[in-house]
Amino acid sequence: MESFLSASSYGLLGTMWEQVRAPFIVPFMKMMVIMCLAMSIMLFVERVYMALVIVFVKLMRYKLEKRYKWEAIKEDLETGNSVFPMVLVQIPMYNEKEVYQLSIGAACGLSWPSDRVIIQVLDDSTDPIIKDLVELECKRWAGKGINIKYEIRDNRNGYKAGALKQGMKHSYVKQCEFVAIFDADFQPDPDFLWRTIPFLANNPELALVQARWKFVNSDECLMTRMQEMSLDYHFTVEQEAGSTTHAFFGFNGTAGVWRISALNEAGGWKDRTTVEDMDLAVRVSLKGWKFVYVGDLKVKNELPSTFKAYRYQQHRWSCGPANLFKKMIIEIARNKKVTLWKKIYVIYSFFFVRKIVAHLVTFIFYCVVLPATVLVPEVQVPKWGAVYIPSIISLLNAVGTPRSFHLLVFWILFENVMSLHRTKGTFIGLFEAGTRVNEWVVTKKLGEALKPKPGSKPTKKPRIQIGESVYMLEIFVGVYLFLCGCFDFSYGKNHYYIYLFLQSMAFFIAGFGYIGVFAPNS
């Protein structure tokens with residue numbers, strides 16, 4: 001009797017599926033495939049265009065010194081150090097116990113006339129012990145003759161943007177012409193100002209000089225290697241292409257020098273989104289100012305090495321741009337100070353394709369629609385859309401980090417997992433849904449925390465270590481992909497199950513938090 005009821009139930013479900021599939025599921029799936037293929041073509045064209053720009057730059061041996069005047073600033077025997085522009089160096093930080101000494105020490109070690117630079121530590125720490133440590137470090141450097149200011153606020157309104165905005169209000173800032181900004185984990189080399197300030201001093205049309213990031217912990221784990229691949233592409237291709245073609249790109253929030261007059265003309269720092277750096281860059285660009293990216297100038301910094309920290313960072317980096325796009329698209333379109341071509345570039349290429357389409361197509365197409373086609377054989381995805389385009393895009397991305405080329409498959413699986421989180425963040429930003437649209441969680445840096453201290457005994461690791469957190473959304477997608485893989489293995493003809501099983505494993509690994517390093521509790 002039970003087997004009869006079971007068979008009847010399966011028969012009923014099968015009949016219902018057949019009745020729904022033809023009139024509803026198939027047309028919907030075909031529409032989704034067309035939409036995803038269109039987005040794939042957009043992303044493909046954008047990536048190929050940027051690749052061609054970089055090839056042109058390399059073949060023509062393009063040098064910044066040919067496009068922009070660059071002359072080293074030299075001391076004048078009559079005027080002395082007054083020939084050097086006054087520079088403000090800002091270091092915003094929040095409970096940075098592991099890295100505050102590194103960043104403050106590097107900033108204080110910058111080679112620039114001591115009477116022409118002011119180091120400003122903007123400490124928003126809520127931990128009184130850390131606050132005291134940072135203040136003590138500032139006093140220690142002040143005792144060595146460094147012009148360093150320790151500034152705090154009564155609140156954290158506006159988070160990083162609020163701290164930077166408040167820092168610019170101090171009376172001593174009025175004497176400064178340029179401001180260099182470094183996050184708490186960034187360690188500029190002593191010659192940083194010598195290599196960046198001449199661009200601004202000799203080219204009055206320039207507002208920003210952006211340096212590249214160099215990752216000190218890229219070999220810490222597989223997750224940091226994956227991040228290095230993505231960020232290397234961003235710097236070597238996206239930033240370079242933007243600087244070369246339109247003298248515009250997104251400020252990376254750190255390792256850059258601003259002309260203070262340009263910053264003020266655009267209205268200064270705003271905290272309306274979680275990407276205050278990109279917000280400022282777009283507004284300054286709309287005033288007609290130009291930016292320059294110096295790719296051979298690298299500043300050491302730390303990648304987030306725990307999965308929890310990386311998820312928070314990626315939410316901010318996907319939600320913020322989408323929200324900013326929504327708030328600024330009309331302002332950009334109506335702007336009269338920049339060319340139509342530049343407005344199209346900012347709206348379409350910079351925002352729409354790179355900040356929205358790239359996230360949506362990666363998750364919706366390769367993690368939802370493509371797996372679903374194995375259940376609906378009437379819907380076919382052309383091989384150029386399922387294989388060729390994503391393969392070329394992935395290969396172009398790997399060019400930025402040749403040493404990690406052998407990790408390309410792992411990078412693809414990892415990026416697809418993260419696309420779930422980025423897609424969610426993009427929708428939250430576009431529709432301003434929920435409270436997370438303005439969520440700002442500082443990316444935790446581990447600094448020296450993972451390195452054993454001299455004389456201390458290494459802690460024994462448990463044989464089986466369970467992830468710090470369980471992420472149900474990733475696990476759910478993993479189950480979906482695994483079931484689609486099983487169906488394709490049994491009934492399919494496209495051999496998608498190879499990809500589906502691998503991708504489902506990647507989602508399971510991330511879902512159980514077994515990725516990255518495990519941060520110490522203290």
# chains A, B, ... in the order shown; residues from 1 in each chain; ligands from 1
call {"tool": "residues_around", "arguments": {"residues": "region 216-224 of chain A", "least_positions_apart": "5", "cutoff": "7 Å", "atoms": "only C-alpha atoms", "output": "list in words"}}
result
Lys300, Asn301, Glu302, Leu303, Ser305, Ile515, Gly516 and Val517 of chain A
call {"tool": "select_by_dssp", "arguments": {"residues": "region 107-269 of chain A", "states": "helix (DSSP H, G or I)", "output": "PyMOL selection string"}}
result
chain A and resi 107-108+114-116+128-142+159-167+171-175+192-202+222-245+260-265
call {"tool": "residues_around", "arguments": {"residues": "region 415-428 of chain A", "least_positions_apart": "5", "cutoff": "8 Å", "atoms": "only C-alpha atoms", "output": "ChimeraX atom specification"}}
result
/A:311,314-316,318-323,356,359-360,362-363,366-367,433-434,436-437,474,503,506-507,510
call {"tool": "closest_residue", "arguments": {"among": "A:Tyr310, A:Tyr100, A:Trp70, A:Phe414", "to": "Arg195 (chain A)", "atoms": "only C-alpha atoms"}}
result
A:Trp70
call {"tool": "residues_around", "arguments": {"residues": "region 253-267 of chain A", "least_positions_apart": "6", "cutoff": "8 Å", "atoms": "only C-alpha atoms", "output": "NGL selection string"}}
result
:A and (176-183 or 186 or 188 or 196-197 or 200 or 206-213 or 276-278 or 280 or 283-284 or 287 or 289 or 299)
call {"tool": "atom_distance", "arguments": {"atom1": "CA of Glu98 (chain A)", "atom2": "CA of Gly143 (chain A)"}}
result
22.5 Å
call {"tool": "residues_around", "arguments": {"residues": "Ile54 (chain A)", "least_positions_apart": "2", "cutoff": "9 Å", "atoms": "only C-alpha atoms", "output": "list in words"}}
result
Tyr49, Met50, Ala51, Leu52, Phe56, Val57, Lys58, Leu59, Thr236, Val237, Glu240, Ala241 and Thr244 of chain A
call {"tool": "closest_residue", "arguments": {"among": "A:Leu43, A:Leu286, A:Cys486, A:Val479", "to": "Met505 (chain A)", "atoms": "only C-alpha atoms"}}
result
A:Val479
